[in-house]
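Visitor: For reference, this is input.pdb, and it has PDB, C-alpha atoms.
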```
ATOM      1  CA  MET S   1       0.000   0.000   0.000
ATOM      2  CA  ASN S   2       1.569   3.278  -1.017
ATOM      3  CA  GLN S   3       0.921   6.715   0.425
ATOM      4  CA  ALA S   4      -1.788   7.704  -2.062
ATOM      5  CA  GLU S   5      -3.725   4.504  -1.492
ATOM      6  CA  PHE S   6      -3.413   4.897   2.252
ATOM      7  CA  ILE S   7      -4.745   8.438   2.167
ATOM      8  CA  LYS S   8      -7.639   7.241   0.044
ATOM      9  CA  THR S   9      -8.387   4.583   2.650
ATOM     10  CA  ILE S  10      -8.370   6.912   5.628
ATOM     11  CA  SER S  11     -10.000   9.996   4.134
ATOM     12  CA  PRO S  12     -13.614   8.806   4.598
ATOM     13  CA  PHE S  13     -13.188   8.412   8.346
ATOM     14  CA  LYS S  14     -10.349  10.623   9.514
ATOM     15  CA  ASP S  15     -12.796  13.393  10.457
ATOM     16  CA  LYS S  16     -14.844  10.900  12.449
ATOM     17  CA  VAL S  17     -11.733   9.807  14.299
ATOM     18  CA  PHE S  18     -10.957  13.432  15.070
ATOM     19  CA  ARG S  19     -14.470  14.185  16.291
ATOM     20  CA  LEU S  20     -14.539  11.102  18.476
ATOM     21  CA  ALA S  21     -11.188  12.089  19.977
ATOM     22  CA  ARG S  22     -12.452  15.598  20.564
ATOM     23  CA  ARG S  23     -15.579  14.332  22.241
ATOM     24  CA  LEU S  24     -13.478  12.508  24.795
ATOM     25  CA  LEU S  25     -10.440  14.741  25.136
ATOM     26  CA  VAL S  26     -12.305  18.051  24.726
ATOM     27  CA  SER S  27      -9.188  19.985  23.756
ATOM     28  CA  ILE S  28      -8.745  20.430  20.018
ATOM     29  CA  GLU S  29      -4.954  20.110  20.209
ATOM     30  CA  GLU S  30      -5.163  16.884  22.156
ATOM     31  CA  ALA S  31      -7.700  15.522  19.706
ATOM     32  CA  GLU S  32      -5.484  16.425  16.765
ATOM     33  CA  ASP S  33      -2.543  14.693  18.395
ATOM     34  CA  ALA S  34      -4.663  11.633  19.068
ATOM     35  CA  THR S  35      -5.860  11.543  15.462
ATOM     36  CA  GLN S  36      -2.323  11.791  14.158
ATOM     37  CA  GLU S  37      -1.240   9.082  16.533
ATOM     38  CA  VAL S  38      -3.965   6.714  15.359
ATOM     39  CA  LEU S  39      -3.363   7.418  11.675
ATOM     40  CA  VAL S  40       0.389   6.949  12.018
ATOM     41  CA  LYS S  41      -0.221   3.653  13.799
ATOM     42  CA  LEU S  42      -2.413   2.565  10.892
ATOM     43  CA  TRP S  43       0.264   3.651   8.425
ATOM     44  CA  ASN S  44       2.933   1.662  10.227
ATOM     45  CA  ASN S  45       0.734  -1.416  10.021
ATOM     46  CA  LYS S  46      -0.393  -0.729   6.501
ATOM     47  CA  GLU S  47       0.588  -4.177   5.243
ATOM     48  CA  LYS S  48      -1.877  -5.791   7.622
ATOM     49  CA  LEU S  49      -4.779  -3.450   6.832
ATOM     50  CA  GLN S  50      -6.103  -5.479   3.900
ATOM     51  CA  GLY S  51      -6.636  -8.401   6.222
ATOM     52  CA  TYR S  52      -9.176  -6.542   8.324
ATOM     53  CA  GLY S  53     -12.821  -6.391   7.404
ATOM     54  CA  SER S  54     -13.326  -2.746   8.236
ATOM     55  CA  VAL S  55     -10.378  -0.418   8.660
ATOM     56  CA  GLU S  56     -12.784   2.289   9.804
ATOM     57  CA  ALA S  57     -14.146   0.220  12.692
ATOM     58  CA  MET S  58     -10.622  -0.673  13.711
ATOM     59  CA  ALA S  59      -9.553   2.968  13.576
ATOM     60  CA  MET S  60     -12.513   3.958  15.750
ATOM     61  CA  THR S  61     -11.696   1.257  18.282
ATOM     62  CA  MET S  62      -8.070   2.386  18.359
ATOM     63  CA  THR S  63      -9.168   5.984  18.846
ATOM     64  CA  LYS S  64     -11.504   5.038  21.655
ATOM     65  CA  ASN S  65      -8.811   3.052  23.444
ATOM     66  CA  TYR S  66      -6.148   5.666  22.879
ATOM     67  CA  CYS S  67      -8.328   8.486  24.224
ATOM     68  CA  LEU S  68      -9.459   6.514  27.253
ATOM     69  CA  ASP S  69      -5.793   5.793  28.016
ATOM     70  CA  ARG S  70      -5.001   9.465  27.667
ATOM     71  CA  LEU S  71      -7.787  10.361  30.055
ATOM     72  CA  LYS S  72      -6.491   7.882  32.574
ATOM     73  CA  SER S  73      -2.993   9.321  32.519
ATOM     74  CA  LYS S  74      -2.417  12.235  34.825
ATOM     75  CA  GLN S  75      -1.127  14.508  32.133
ATOM     76  CA  ALA S  76      -4.375  14.371  30.269
ATOM     77  CA  SER S  77      -6.491  15.083  33.305
ATOM     78  CA  GLU S  78      -4.577  18.310  33.766
ATOM     79  CA  MET S  79      -5.167  19.120  30.134
ATOM     80  CA  ARG S  80      -8.847  18.591  30.656
ATOM     81  CA  ILE S  81      -9.047  21.216  33.349
ATOM     82  CA  VAL S  82      -7.150  23.725  31.243
ATOM     83  CA  HIS S  83      -9.439  23.280  28.294
ATOM     84  CA  SER S  84     -12.749  22.809  30.019
ATOM     85  CA  ASN S  85     -14.005  26.229  29.019
ATOM     86  CA  TYR S  86     -13.262  26.048  25.349
ATOM     87  CA  THR S  87     -15.649  27.213  22.708
ATOM     88  CA  ASP S  88     -15.131  26.485  19.090
ATOM     89  CA  ARG S  89     -17.433  27.877  16.493
ATOM     90  CA  GLN S  90     -16.700  27.752  12.860
ATOM     91  CA  ALA S  91     -16.661  31.195  11.418
ATOM     92  CA  GLY S  92     -18.760  31.944   8.400
ATOM     93  CA  LEU S  93     -21.742  30.008   9.599
ATOM     94  CA  GLN S  94     -24.450  32.599   9.887
ATOM     95  CA  GLN S  95     -26.188  31.077  12.866
ATOM     96  CA  GLN S  96     -28.432  32.864  15.244
ATOM     97  CA  THR S  97     -26.992  33.553  18.666
ATOM     98  CA  GLU S  98     -29.963  31.824  20.179
ATOM     99  CA  ASP S  99     -29.112  28.621  18.344
ATOM    100  CA  ARG S 100     -25.509  28.780  19.414
ATOM    101  CA  ASP S 101     -26.438  29.191  23.032
ATOM    102  CA  SER S 102     -28.788  26.288  22.923
ATOM    103  CA  TRP S 103     -26.173  24.126  21.235
ATOM    104  CA  GLU S 104     -23.894  24.895  24.119
ATOM    105  CA  TRP S 105     -26.494  23.484  26.491
ATOM    106  CA  ALA S 106     -26.563  20.302  24.487
ATOM    107  CA  GLU S 107     -22.785  20.217  24.475
ATOM    108  CA  LYS S 108     -22.578  20.646  28.236
ATOM    109  CA  ILE S 109     -25.118  17.936  28.877
ATOM    110  CA  MET S 110     -23.270  15.566  26.600
ATOM    111  CA  LYS S 111     -19.995  16.382  28.287
ATOM    112  CA  ASN S 112     -21.368  15.247  31.624
ATOM    113  CA  LEU S 113     -22.493  11.880  30.324
ATOM    114  CA  PRO S 114     -20.471   8.803  31.284
ATOM    115  CA  GLU S 115     -17.732   8.059  28.766
ATOM    116  CA  GLN S 116     -19.397   4.992  27.335
ATOM    117  CA  GLN S 117     -22.673   6.831  26.675
ATOM    118  CA  LYS S 118     -20.755   9.777  25.295
ATOM    119  CA  LEU S 119     -18.962   7.544  22.800
ATOM    120  CA  ILE S 120     -22.104   5.761  21.727
ATOM    121  CA  MET S 121     -24.071   8.974  21.332
ATOM    122  CA  GLN S 122     -21.225  10.471  19.317
ATOM    123  CA  MET S 123     -21.117   7.520  16.980
ATOM    124  CA  ARG S 124     -24.874   7.186  16.575
ATOM    125  CA  ASP S 125     -26.302  10.687  16.686
ATOM    126  CA  ILE S 126     -23.414  12.520  15.096
ATOM    127  CA  GLU S 127     -21.642   9.984  12.908
ATOM    128  CA  GLN S 128     -24.769   7.911  12.221
ATOM    129  CA  TYR S 129     -23.163   4.512  12.595
ATOM    130  CA  GLU S 130     -25.391   1.466  12.598
ATOM    131  CA  PHE S 131     -25.837  -0.333  15.929
ATOM    132  CA  GLU S 132     -23.960  -3.323  14.577
ATOM    133  CA  GLU S 133     -20.896  -1.194  13.842
ATOM    134  CA  ILE S 134     -21.037   0.542  17.216
ATOM    135  CA  ALA S 135     -21.309  -2.804  18.967
ATOM    136  CA  LYS S 136     -18.190  -3.965  17.141
ATOM    137  CA  ILE S 137     -16.228  -0.811  17.930
ATOM    138  CA  MET S 138     -17.262  -0.765  21.566
ATOM    139  CA  ASP S 139     -16.908  -4.520  21.971
ATOM    140  CA  MET S 140     -20.444  -4.732  23.393
ATOM    141  CA  ASN S 141     -23.582  -6.449  22.192
ATOM    142  CA  GLU S 142     -26.227  -4.516  20.295
ATOM    143  CA  THR S 143     -28.787  -4.593  23.072
ATOM    144  CA  ALA S 144     -26.326  -3.095  25.529
ATOM    145  CA  VAL S 145     -25.516  -0.378  23.003
ATOM    146  CA  ARG S 146     -29.215   0.429  22.599
ATOM    147  CA  VAL S 147     -29.743   0.561  26.345
ATOM    148  CA  ALA S 148     -26.791   2.904  26.854
ATOM    149  CA  LEU S 149     -27.881   5.111  23.975
ATOM    150  CA  SER S 150     -31.434   5.285  25.252
ATOM    151  CA  ARG S 151     -30.121   6.326  28.642
ATOM    152  CA  ALA S 152     -27.962   9.026  27.132
ATOM    153  CA  ARG S 153     -30.820  10.373  25.034
ATOM    154  CA  LYS S 154     -33.191  10.384  27.975
ATOM    155  CA  THR S 155     -30.668  12.282  30.103
ATOM    156  CA  MET S 156     -30.378  14.749  27.284
ATOM    157  CA  ARG S 157     -34.168  15.135  27.141
ATOM    158  CA  GLU S 158     -34.508  15.566  30.869
ATOM    159  CA  GLU S 159     -31.777  18.190  31.105
ATOM    160  CA  LEU S 160     -32.981  20.084  28.061
ATOM    161  CA  THR S 161     -36.536  20.139  29.371
ATOM    162  CA  LYS S 162     -35.245  21.541  32.646
ATOM    163  CA  THR S 163     -33.212  24.244  30.917
ATOM    164  CA  HIS S 164     -36.084  25.011  28.589
ATOM    165  CA  SER S 165     -38.713  25.483  31.283
ATOM    166  CA  TYR S 166     -36.224  27.481  33.346
ATOM    167  CA  GLY S 167     -35.956  29.888  30.417
ATOM    168  CA  ILE S 168     -39.720  30.212  30.198
ATOM    169  CA  LYS S 169     -40.104  30.940  33.882
ATOM    170  CA  ASN S 170     -37.532  33.683  33.601
ATOM    171  CA  ASN S 171     -39.442  35.311  30.788
TER
ATOM    172  CA  MET Z   1     -44.621  15.998   8.163
ATOM    173  CA  GLU Z   2     -47.465  15.193  10.420
ATOM    174  CA  LEU Z   3     -46.996  16.108  14.035
ATOM    175  CA  ARG Z   4     -48.281  12.746  15.241
ATOM    176  CA  THR Z   5     -45.638  10.921  13.226
ATOM    177  CA  ILE Z   6     -42.942  13.120  14.689
ATOM    178  CA  GLU Z   7     -44.146  12.479  18.209
ATOM    179  CA  GLN Z   8     -44.170   8.758  17.592
ATOM    180  CA  LEU Z   9     -40.707   8.915  16.107
ATOM    181  CA  LEU Z  10     -39.497  10.873  19.121
ATOM    182  CA  ASP Z  11     -40.799   8.209  21.480
ATOM    183  CA  LYS Z  12     -39.001   5.556  19.474
ATOM    184  CA  TYR Z  13     -35.937   7.757  19.346
ATOM    185  CA  PHE Z  14     -35.638   7.974  23.116
ATOM    186  CA  ASP Z  15     -35.927   4.211  23.354
ATOM    187  CA  ALA Z  16     -33.065   3.957  20.864
ATOM    188  CA  ALA Z  17     -35.334   2.064  18.496
ATOM    189  CA  THR Z  18     -35.203   4.358  15.463
ATOM    190  CA  SER Z  19     -33.255   3.639  12.299
ATOM    191  CA  THR Z  20     -30.737   6.125  10.949
ATOM    192  CA  ALA Z  21     -33.223   7.100   8.255
ATOM    193  CA  GLU Z  22     -35.869   7.909  10.878
ATOM    194  CA  GLU Z  23     -33.316   9.852  12.884
ATOM    195  CA  ASN Z  24     -32.503  11.878   9.802
ATOM    196  CA  GLN Z  25     -36.219  12.657   9.417
ATOM    197  CA  LEU Z  26     -36.206  13.997  12.948
ATOM    198  CA  LYS Z  27     -33.092  16.081  12.304
ATOM    199  CA  GLU Z  28     -34.687  17.504   9.216
ATOM    200  CA  TYR Z  29     -37.890  18.358  11.056
ATOM    201  CA  PHE Z  30     -36.087  20.106  13.892
ATOM    202  CA  SER Z  31     -33.947  22.159  11.540
ATOM    203  CA  SER Z  32     -37.028  23.472   9.744
ATOM    204  CA  PRO Z  33     -38.660  26.689  10.948
ATOM    205  CA  GLY Z  34     -42.070  25.240  11.839
ATOM    206  CA  VAL Z  35     -41.282  23.237  14.968
ATOM    207  CA  ALA Z  36     -44.327  22.801  17.198
ATOM    208  CA  PRO Z  37     -44.061  24.861  20.428
ATOM    209  CA  HIS Z  38     -44.214  21.882  22.762
ATOM    210  CA  LEU Z  39     -41.293  20.262  20.928
ATOM    211  CA  GLN Z  40     -39.097  23.350  20.929
ATOM    212  CA  GLN Z  41     -36.884  22.011  23.705
ATOM    213  CA  TYR Z  42     -35.500  19.293  21.424
ATOM    214  CA  ARG Z  43     -34.246  21.720  18.838
ATOM    215  CA  PRO Z  44     -30.829  22.358  20.482
ATOM    216  CA  MET Z  45     -30.169  18.651  20.610
ATOM    217  CA  PHE Z  46     -30.708  17.908  16.939
ATOM    218  CA  GLY Z  47     -29.180  21.206  15.907
ATOM    219  CA  TYR Z  48     -26.088  20.436  17.927
ATOM    220  CA  PHE Z  49     -25.738  16.939  16.457
ATOM    221  CA  ALA Z  50     -25.917  18.265  12.920
ATOM    222  CA  HIS Z  51     -23.477  21.033  13.742
ATOM    223  CA  GLU Z  52     -20.957  18.699  15.347
ATOM    224  CA  ALA Z  53     -20.781  16.462  12.314
ATOM    225  CA  ALA Z  54     -19.229  19.335  10.392
ATOM    226  CA  HIS Z  55     -15.892  19.499  12.225
ATOM    227  CA  LYS Z  56     -12.993  18.546  10.052
ATOM    228  CA  PHE Z  57      -9.534  17.258  10.749
ATOM    229  CA  ASP Z  58      -7.330  19.387   8.560
ATOM    230  CA  LYS Z  59      -3.879  18.701   9.919
ATOM    231  CA  THR Z  60      -1.510  16.731   7.807
ATOM    232  CA  VAL Z  61      -0.384  13.350   8.975
ATOM    233  CA  PRO Z  62       3.370  12.810   9.012
ATOM    234  CA  LEU Z  63       3.630   9.625   6.989
ATOM    235  CA  LYS Z  64       7.167   8.394   7.034
ATOM    236  CA  THR Z  65       8.252   5.002   5.935
ATOM    237  CA  LYS Z  66       9.792   3.329   8.915
ATOM    238  CA  ARG Z  67      13.475   2.797   8.325
ATOM    239  CA  HIS Z  68      15.407   0.047  10.026
ATOM    240  CA  TYR Z  69      18.482   1.999  10.995
ATOM    241  CA  ALA Z  70      19.284  -0.288  13.934
ATOM    242  CA  LYS Z  71      19.999  -3.261  11.698
ATOM    243  CA  TRP Z  72      22.494  -1.312   9.606
ATOM    244  CA  ILE Z  73      24.216   0.151  12.644
ATOM    245  CA  SER Z  74      25.098  -3.354  13.877
ATOM    246  CA  VAL Z  75      26.369  -4.309  10.425
ATOM    247  CA  ALA Z  76      28.569  -1.210  10.310
ATOM    248  CA  ALA Z  77      29.858  -1.833  13.830
ATOM    249  CA  SER Z  78      30.852  -5.435  13.075
ATOM    250  CA  LEU Z  79      32.583  -4.302   9.860
ATOM    251  CA  VAL Z  80      34.622  -1.732  11.775
ATOM    252  CA  LEU Z  81      35.535  -4.346  14.381
ATOM    253  CA  MET Z  82      36.659  -6.819  11.727
ATOM    254  CA  MET Z  83      38.781  -4.214   9.963
ATOM    255  CA  GLY Z  84      40.345  -3.283  13.270
ATOM    256  CA  MET Z  85      41.241  -6.890  14.066
ATOM    257  CA  LEU Z  86      42.628  -7.391  10.568
ATOM    258  CA  PHE Z  87      44.962  -4.429  10.918
ATOM    259  CA  TYR Z  88      45.994  -5.355  14.440
ATOM    260  CA  PHE Z  89      47.037  -8.932  13.681
ATOM    261  CA  ASN Z  90      48.639  -8.192  10.334
ATOM    262  CA  TYR Z  91      50.771  -5.256  11.282
ATOM    263  CA  GLN Z  92      51.675  -5.968  14.883
ATOM    264  CA  PRO Z  93      54.667  -8.376  14.139
ATOM    265  CA  VAL Z  94      56.100  -6.046  11.491
ATOM    266  CA  SER Z  95      56.166  -3.135  13.858
ATOM    267  CA  GLN Z  96      58.366  -5.085  16.373
ATOM    268  CA  ASP Z  97      62.083  -4.233  16.122
ATOM    269  CA  ASN Z  98      64.385  -6.815  14.566
ATOM    270  CA  ASP Z  99      67.076  -6.931  17.294
ATOM    271  CA  LEU Z 100      67.208 -10.578  18.398
ATOM    272  CA  GLY Z 101      70.355 -10.100  20.556
ATOM    273  CA  THR Z 102      72.831 -11.694  18.106
ATOM    274  CA  TYR Z 103      76.580 -11.168  18.181
ATOM    275  CA  ASN Z 104      78.965 -10.887  15.252
ATOM    276  CA  ASP Z 105      82.183 -11.819  17.111
ATOM    277  CA  PRO Z 106      82.261 -15.621  17.815
ATOM    278  CA  GLU Z 107      84.234 -15.137  21.103
ATOM    279  CA  VAL Z 108      81.754 -12.754  22.543
ATOM    280  CA  ALA Z 109      78.985 -15.009  21.383
ATOM    281  CA  PHE Z 110      80.633 -17.999  23.108
ATOM    282  CA  ARG Z 111      80.977 -16.067  26.390
ATOM    283  CA  GLU Z 112      77.450 -14.828  26.287
ATOM    284  CA  THR Z 113      76.182 -18.331  25.563
ATOM    285  CA  GLN Z 114      78.132 -19.736  28.522
ATOM    286  CA  LYS Z 115      76.716 -17.022  30.741
ATOM    287  CA  ALA Z 116      73.235 -17.843  29.646
ATOM    288  CA  LEU Z 117      73.693 -21.598  30.132
ATOM    289  CA  ASN Z 118      75.192 -21.011  33.581
ATOM    290  CA  MET Z 119      72.227 -18.986  34.538
ATOM    291  CA  VAL Z 120      69.934 -21.795  33.421
ATOM    292  CA  SER Z 121      71.841 -24.486  35.306
ATOM    293  CA  LYS Z 122      71.933 -22.336  38.435
ATOM    294  CA  ASN Z 123      68.211 -22.070  38.340
ATOM    295  CA  VAL Z 124      67.842 -25.773  37.731
ATOM    296  CA  ASN Z 125      70.073 -26.471  40.764
ATOM    297  CA  VAL Z 126      67.826 -24.346  42.932
ATOM    298  CA  GLY Z 127      65.014 -26.658  41.968
ATOM    299  CA  VAL Z 128      67.133 -29.783  42.579
ATOM    300  CA  ASN Z 129      68.201 -28.556  46.057
ATOM    301  CA  SER Z 130      64.615 -28.321  47.173
ATOM    302  CA  MET Z 131      64.126 -31.909  45.969
ATOM    303  CA  ASN Z 132      66.706 -33.023  48.599
ATOM    304  CA  TYR Z 133      64.141 -32.447  51.337
ATOM    305  CA  ILE Z 134      61.920 -35.011  49.726
ATOM    306  CA  GLY Z 135      64.884 -37.454  49.783
ATOM    307  CA  GLU Z 136      65.318 -36.864  53.537
ATOM    308  CA  TYR Z 137      61.685 -37.489  54.074
ATOM    309  CA  GLU Z 138      61.911 -40.728  52.149
ATOM    310  CA  LYS Z 139      64.932 -41.876  54.234
ATOM    311  CA  SER Z 140      63.238 -41.233  57.576
ATOM    312  CA  ARG Z 141      60.098 -42.950  56.359
ATOM    313  CA  LYS Z 142      62.126 -46.031  55.554
ATOM    314  CA  THR Z 143      63.706 -46.070  59.024
ATOM    315  CA  ILE Z 144      60.357 -45.913  60.707
ATOM    316  CA  PHE Z 145      58.303 -48.224  58.546
ATOM    317  CA  LYS Z 146      60.591 -51.140  57.903
ATOM    318  CA  GLU Z 147      59.409 -53.228  55.092
TER
END
```
Output the file's structure as structure tokens, nothing else.

Guide:
Amino acid sequence: MNQAEFIKTISPFKDKVFRLARRLLVSIEEAEDATQEVLVKLWNNKEKLQGYGSVEAMAMTMTKNYCLDRLKSKQASEMRIVHSNYTDRQAGLQQQTEDRDSWEWAEKIMKNLPEQQKLIMQMRDIEQYEFEEIAKIMDMNETAVRVALSRARKTMREELTKTHSYGIKNN
Amino acid sequence: MELRTIEQLLDKYFDAATSTAEENQLKEYFSSPGVAPHLQQYRPMFGYFAHEAAHKFDKTVPLKTKRHYAKWISVAASLVLMMGMLFYFNYQPVSQDNDLGTYNDPEVAFRETQKALNMVSKNVNVGVNSMNYIGEYEKSRKTIFKE
């Protein structure tokens, strides 16, 4: 596998890897490092890639494991505190301030979810993976994935309803 | 889309029983302007999900072919060692000086040879003298243990 072929292989999912890393590590720099790390690991094992059914699923699993390891290490937990108040909005998107604020609620709620639910919600609601794929990446069975996802979504609903009615009462 | 359908889909959604296609229907509905007032609170959620999917990884990945330097370093080191040994064993004898202590005058040579042989015999005698003790020991043994 040469460089061009490799880039063709990774380009459909490298953004997903990055977003998954960012979901867990929060800091953009950390997530970029993690993505590079995972992609370089894939490149170094490029001869073996053809043998795997889905390179994407493997990359996602590697990302998940790498990020969880990072979170466990002390260094990363310090990083998390430093970057906990980040905001990243892509310029040029003419979005209403109201929308942005409400997205931040959603972001905060998601950030407080347990890591497993966070990962599953990221892969399902943002990356739109099928349950079968998520189960493979997470090394869980499909039912467990559905249960965790349902829990995450219900937490989201509960918190949003709270925030929403709080806003109304203030008006 | 009909409001009833949306509500049903939402119920399924929170039980994690919707398909990706149905979830996309929900996303579409909540990004449209006409969201029913009692469903307004879900807008941030679906809006956020759609927004998050847009982040891109635009850093380049340093793709270097792994080189096996270590292997070549050992090869180079053993080559250097072999060259060193080759030079050492080949040139060491040549570099020694050629004076073997020979004499041109036969008389002097004869005297020096005698001196050297004397020295040897003297040293041999030292060894023989110490053997005498063993002889004494043998004698006294014979006087005690008569056979």

Visitor: With the PyMOL selection byres ((chain S and resi 40) around 12) as the selection, what would be picked from this file? Answer as a PyMOL selection string, please.

Guide: (chain S and resi 3+6-7+10+14+33-39+41-46+59+62-63) or (chain Z and resi 60-66)

Visitor: Would you write out, as a list in words, every residue that the ChimeraX specification (/Z :<6) & /S captures in this file?

Guide: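 Selected by the ChimeraX specification (/Z :<6) & /S in this file: Asp15, Phe18, Gln36, Ser102, Trp103, Ala106, Ile126, Arg146, Ser150, Arg153, Lys154, Thr161 and His164 of chain S.
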
Visitor: Would you compute the distance between CA of Gln128 in chain S and CA of Thr155 in chain S? Give it in Å to one decimal.

Guide: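 Taking CA of Gln128 in chain S and CA of Thr155 in chain S, their separation equals 19.3 Å.
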
Visitor: What would the selection look like, as number ranges by chain, if the PyMOL selection byres ((chain S and resi 112-124) around 8) were run on the coordinates I just shared?

Guide: S: 20, 23-24, 64, 108-111, 125-131, 134, 145, 148-149, 151-153

Visitor: Which value, in Å to one decimal, gives the distance between CA of Lys48 in chain S and CA of Ile137 in chain S?

Guide: 18.4 Å

Visitor: Rounded to one decimal place, report the CA of Val120 in chain Z-CA of Pro106 in chain Z distance in Å.

Guide: 20.8 Å

Visitor: Pick from S:Val55, S:Ile28, S:Met60, S:Ala135: nearest to Lys16 in chain S, with all atoms listed in the file counted?

Guide: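 Comparing S:Val55, S:Ile28, S:Met60, S:Ala135 against Lys16 in chain S, the winner is S:Met60.
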
Visitor: Please list as a ChimeraX atom specification every residue within 10 Å of Leu3 in chain Z, counting all atoms listed in the file and excluding residues in the same chain fewer than 2 positions away.

Guide: /Z:1,5-9,29,35-36,39

Visitor: Measuring between all atoms listed in the file, which one of S:Leu71, S:Val147, S:Met138, S:Met58 shows the shortest distance to Ser27 in chain S?

Guide: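 That would be S:Leu71, the residue with the smallest distance to Ser27 in chain S.
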
Visitor: Could range 31-49 of chain S be completed with N, CA and C atoms and returned as a short mmCIF file (atom, residue, chain, number, x, y, z; two decimals), in the frame of the given file?

Guide:
```cif
data_model
loop_
_atom_site.label_atom_id
_atom_site.label_comp_id
_atom_site.auth_asym_id
_atom_site.auth_seq_id
_atom_site.Cartn_x
_atom_site.Cartn_y
_atom_site.Cartn_z
N ALA S 31 -6.98 16.37 20.66
CA ALA S 31 -7.70 15.52 19.71
C ALA S 31 -6.92 15.39 18.41
N GLU S 32 -6.29 16.48 17.99
CA GLU S 32 -5.48 16.42 16.76
C GLU S 32 -4.29 15.49 16.94
N ASP S 33 -3.67 15.60 18.11
CA ASP S 33 -2.54 14.69 18.40
C ASP S 33 -3.00 13.24 18.37
N ALA S 34 -4.14 13.00 19.00
CA ALA S 34 -4.66 11.63 19.07
C ALA S 34 -4.94 11.11 17.66
N THR S 35 -5.55 11.96 16.83
CA THR S 35 -5.86 11.54 15.46
C THR S 35 -4.58 11.20 14.70
N GLN S 36 -3.60 12.06 14.83
CA GLN S 36 -2.32 11.79 14.16
C GLN S 36 -1.73 10.48 14.63
N GLU S 37 -1.79 10.31 15.94
CA GLU S 37 -1.24 9.08 16.53
C GLU S 37 -1.90 7.84 15.92
N VAL S 38 -3.23 7.87 15.88
CA VAL S 38 -3.96 6.71 15.36
C VAL S 38 -3.65 6.49 13.88
N LEU S 39 -3.61 7.57 13.11
CA LEU S 39 -3.36 7.42 11.68
C LEU S 39 -1.95 6.92 11.41
N VAL S 40 -0.99 7.41 12.20
CA VAL S 40 0.39 6.95 12.02
C VAL S 40 0.50 5.47 12.37
N LYS S 41 -0.22 5.07 13.43
CA LYS S 41 -0.22 3.65 13.80
C LYS S 41 -0.77 2.81 12.65
N LEU S 42 -1.84 3.29 12.03
CA LEU S 42 -2.41 2.56 10.89
C LEU S 42 -1.40 2.48 9.75
N TRP S 43 -0.71 3.59 9.52
CA TRP S 43 0.26 3.65 8.43
C TRP S 43 1.40 2.65 8.67
N ASN S 44 1.84 2.58 9.91
CA ASN S 44 2.93 1.66 10.23
C ASN S 44 2.52 0.21 10.08
N ASN S 45 1.22 -0.04 10.19
CA ASN S 45 0.73 -1.42 10.02
C ASN S 45 0.01 -1.58 8.69
N LYS S 46 0.40 -0.78 7.72
CA LYS S 46 -0.39 -0.73 6.50
C LYS S 46 -0.44 -2.06 5.75
N GLU S 47 0.58 -2.89 5.95
CA GLU S 47 0.59 -4.18 5.24
C GLU S 47 -0.55 -5.07 5.75
N LYS S 48 -0.87 -4.89 7.04
CA LYS S 48 -1.88 -5.79 7.62
C LYS S 48 -3.30 -5.29 7.39
N LEU S 49 -3.44 -4.05 6.92
CA LEU S 49 -4.78 -3.45 6.83
C LEU S 49 -5.73 -4.24 5.94
#
```
